[in-house]
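> Got a structure for you, written out below as structure tokens; questions coming shortly.
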Amino acid sequence: MSGRGGFLPDVYVVARILHALMGGPRSRLAAVARVNYRRLQEYLQFLVERGYVTDGEVVSLTPKGAEVAAELERLLSEVLGWEDPFEKRRK
């Protein structure tokens, strides 16, 4: 899935998945991440390969994943200028 020409993840989707898991395991993770189930599986495989989440009966963050989630949230807040970069916004 990784490598040249392979799966290229959207960093904001990665951040939403990791952020959703910061509060503990989640049901309806695809809905929270705003991707379909098939796409979520690609993201989860990508995140497992990097050691950010564990995948089994329950998907959860690893300590490394928690660090990455916090850093992505900080960077998105800085870049977007929003206190909460995951808050739903109306257009």
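Chain labels A, B, ... are given in the sequence in which chains occur in the structure tokens; within each chain residues are numbered consecutively from 1, and ligands are likewise numbered from 1 in the order shown.
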Might you pull out every residue within 8 Å of region 52-55 of chain A, with only C-alpha atoms counted and same-chain residues fewer than 6 positions away left off, and present them as a JSON list (two decimals) with N, CA and C atoms, in the first residue's frame?

```
[["chain", "number", "residue", "atom", "x", "y", "z"],
["A", 44, "LEU", "N", -6.48, 2.43, 7.60],
["A", 44, "LEU", "CA", -6.09, 1.65, 8.79],
["A", 44, "LEU", "C", -4.86, 0.80, 8.50],
["A", 61, "LEU", "N", -5.21, 3.52, 19.31],
["A", 61, "LEU", "CA", -3.94, 4.21, 19.12],
["A", 61, "LEU", "C", -2.83, 3.53, 19.90],
["A", 62, "THR", "N", -1.65, 3.53, 19.32],
["A", 62, "THR", "CA", -0.44, 3.14, 20.05],
["A", 62, "THR", "C", 0.10, 4.42, 20.70],
["A", 63, "PRO", "N", 1.06, 4.31, 21.60],
["A", 63, "PRO", "CA", 1.69, 5.53, 22.14],
["A", 63, "PRO", "C", 2.28, 6.41, 21.04],
["A", 64, "LYS", "N", 2.90, 5.80, 20.05],
["A", 64, "LYS", "CA", 3.45, 6.56, 18.91],
["A", 64, "LYS", "C", 2.33, 7.26, 18.15],
["A", 65, "GLY", "N", 1.20, 6.58, 17.96],
["A", 65, "GLY", "CA", 0.05, 7.17, 17.28],
["A", 65, "GLY", "C", -0.52, 8.35, 18.04],
["A", 66, "ALA", "N", -0.53, 8.26, 19.38],
["A", 66, "ALA", "CA", -1.02, 9.37, 20.20],
["A", 66, "ALA", "C", -0.13, 10.60, 20.04],
["A", 68, "VAL", "N", 1.75, 11.32, 17.37],
["A", 68, "VAL", "CA", 1.53, 11.84, 16.02],
["A", 68, "VAL", "C", 0.19, 12.58, 15.95]]
```
> What are the DSSP strand (DSSP E or B) residues of chain A, as a list of chain:residue names?
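Of chain A, the ones in strand (DSSP E or B) are A:Val53, A:Thr54, A:Ser60, A:Leu61.
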> I need the residue nearest Phe7 (chain A) from this list: A:Phe86, A:Ser60, A:Ser77, A:Gln41. Use only C-alpha atoms for the distance.
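For Phe7 (chain A), the nearest of the candidates is A:Gln41.
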> Got a sec: who's within 10 Å of Val11 (chain A), counting only C-alpha atoms, leaving out chain neighbours fewer than 5 positions off, as a PyMOL selection string?
chain A and resi 16-17+72+76
> If you keep N, CA and C atoms, can you produce a file of those selected residues as a tab-separated table (two decimals), in the first residue's frame?

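Below is the file again-v2.tsv, written as the result:
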```tsv
chain	number	residue	atom	x	y	z
A	16	ARG	N	-7.92	13.11	11.20
A	16	ARG	CA	-9.27	12.87	11.73
A	16	ARG	C	-9.39	11.48	12.35
A	17	ILE	N	-8.81	10.48	11.71
A	17	ILE	CA	-8.86	9.12	12.25
A	17	ILE	C	-8.12	9.05	13.58
A	72	LEU	N	-0.15	16.41	14.82
A	72	LEU	CA	-0.98	16.80	13.67
A	72	LEU	C	-2.04	17.81	14.07
A	76	LEU	N	-2.25	21.45	12.40
A	76	LEU	CA	-3.46	21.88	11.70
A	76	LEU	C	-4.04	23.14	12.34
```
> Within 8 Å of His19 (chain A), counting only C-alpha atoms, which residues show up once you throw out same-chain ones fewer than 2 positions away? Write them as a list in words, please.
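These residues fall inside the cut-off: Ala15, Arg16, Ile17, Leu21, Met22, Gly23, Ala69, Ala70 and Glu73 of chain A.
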> Keeping only C-alpha atoms, write those residues as a PDB file, in the first residue's frame.

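The result, stored in out_12.pdb:
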```pdb
ATOM      1  CA  ALA A  15      -5.492  13.382  11.411  1.00  0.00           C
ATOM      2  CA  ARG A  16      -9.273  12.875  11.729  1.00  0.00           C
ATOM      3  CA  ILE A  17      -8.855   9.117  12.252  1.00  0.00           C
ATOM      4  CA  LEU A  21      -9.170   7.403  18.378  1.00  0.00           C
ATOM      5  CA  MET A  22      -7.576   9.711  20.982  1.00  0.00           C
ATOM      6  CA  GLY A  23     -10.709   9.362  23.110  1.00  0.00           C
ATOM      7  CA  ALA A  69      -2.163  12.688  16.585  1.00  0.00           C
ATOM      8  CA  ALA A  70      -1.281  15.455  19.033  1.00  0.00           C
ATOM      9  CA  GLU A  73      -3.661  18.554  15.689  1.00  0.00           C
TER      10      GLU A  73
END
```
> Expressed in Å to a single decimal, how great is the separation between CA of Ala31 (chain A) and CA of Glu71 (chain A)?
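Atom-to-atom, CA of Ala31 (chain A) and CA of Glu71 (chain A) are spaced 22.7 Å apart.
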> With a distance cut-off of 10 Å and only C-alpha atoms, select the neighbouring residues of Ala30 (chain A), excluding the residue or stretch itself and same-chain residues fewer than 3 positions from it, and output the selection as JSON, numbers by chain.
{"A": [16, 17, 26, 27, 33, 34, 35, 36, 37, 38, 39, 40, 41]}
> Find the residue from A:Arg74, A:Leu80, A:Leu8, A:Gly24 that sits nearest to Val58 (chain A); use only C-alpha atoms when measuring.
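Selected residue with least distance to Val58 (chain A): A:Gly24.
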> Go through A:Gly6, A:Tyr12, A:Leu18, A:Glu83 and flag the residue nearest Gly51 (chain A), using only C-alpha atoms for the distances.
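For Gly51 (chain A), the nearest of the candidates is A:Leu18.
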> Using DSSP assignments from the backbone, pull out every residue in chain A that falls under alpha helix (DSSP H) and give it to me as an MDAnalysis selection string.
chainID A and resid 11:22 29:33 37:49 63:80
> I need the residues from that last selection saved to file as an mmCIF file, in the first residue's frame (with C-alpha atoms), if you can.

```cif
data_model
loop_
_atom_site.group_PDB
_atom_site.id
_atom_site.type_symbol
_atom_site.label_atom_id
_atom_site.label_comp_id
_atom_site.auth_asym_id
_atom_site.auth_seq_id
_atom_site.Cartn_x
_atom_site.Cartn_y
_atom_site.Cartn_z
ATOM 1 C CA VAL A 11 -3.083 14.010 5.862
ATOM 2 C CA TYR A 12 -6.308 15.605 7.071
ATOM 3 C CA VAL A 13 -8.102 12.228 6.910
ATOM 4 C CA VAL A 14 -5.209 10.623 8.813
ATOM 5 C CA ALA A 15 -5.492 13.382 11.411
ATOM 6 C CA ARG A 16 -9.273 12.875 11.729
ATOM 7 C CA ILE A 17 -8.855 9.117 12.252
ATOM 8 C CA LEU A 18 -6.119 9.545 14.848
ATOM 9 C CA HIS A 19 -8.026 12.348 16.563
ATOM 10 C CA ALA A 20 -11.162 10.199 16.745
ATOM 11 C CA LEU A 21 -9.170 7.403 18.378
ATOM 12 C CA MET A 22 -7.576 9.711 20.982
ATOM 13 C CA LEU A 29 -14.969 5.373 12.654
ATOM 14 C CA ALA A 30 -15.587 5.693 8.904
ATOM 15 C CA ALA A 31 -18.354 8.227 9.540
ATOM 16 C CA VAL A 32 -16.204 10.233 11.944
ATOM 17 C CA ALA A 33 -13.293 10.215 9.466
ATOM 18 C CA TYR A 37 -15.618 1.770 4.756
ATOM 19 C CA ARG A 38 -13.353 0.506 1.944
ATOM 20 C CA ARG A 39 -11.251 3.662 2.090
ATOM 21 C CA LEU A 40 -11.099 3.473 5.886
ATOM 22 C CA GLN A 41 -9.588 -0.008 5.577
ATOM 23 C CA GLU A 42 -6.813 1.406 3.351
ATOM 24 C CA TYR A 43 -6.102 4.129 5.905
ATOM 25 C CA LEU A 44 -6.089 1.649 8.785
ATOM 26 C CA GLN A 45 -3.631 -0.597 6.965
ATOM 27 C CA PHE A 46 -1.427 2.444 6.321
ATOM 28 C CA LEU A 47 -1.612 3.467 10.008
ATOM 29 C CA VAL A 48 -0.927 -0.076 11.240
ATOM 30 C CA GLU A 49 2.132 -0.359 8.953
ATOM 31 C CA PRO A 63 1.686 5.530 22.143
ATOM 32 C CA LYS A 64 3.452 6.555 18.910
ATOM 33 C CA GLY A 65 0.050 7.173 17.281
ATOM 34 C CA ALA A 66 -1.020 9.370 20.203
ATOM 35 C CA GLU A 67 2.123 11.492 19.768
ATOM 36 C CA VAL A 68 1.529 11.836 16.017
ATOM 37 C CA ALA A 69 -2.163 12.688 16.585
ATOM 38 C CA ALA A 70 -1.281 15.455 19.033
ATOM 39 C CA GLU A 71 1.360 16.873 16.692
ATOM 40 C CA LEU A 72 -0.976 16.797 13.665
ATOM 41 C CA GLU A 73 -3.661 18.554 15.689
ATOM 42 C CA ARG A 74 -1.169 21.226 16.746
ATOM 43 C CA LEU A 75 0.043 21.728 13.169
ATOM 44 C CA LEU A 76 -3.464 21.877 11.702
ATOM 45 C CA SER A 77 -4.498 24.414 14.336
ATOM 46 C CA GLU A 78 -1.473 26.527 13.448
ATOM 47 C CA VAL A 79 -1.902 26.294 9.684
ATOM 48 C CA LEU A 80 -5.680 26.731 9.635
#
```
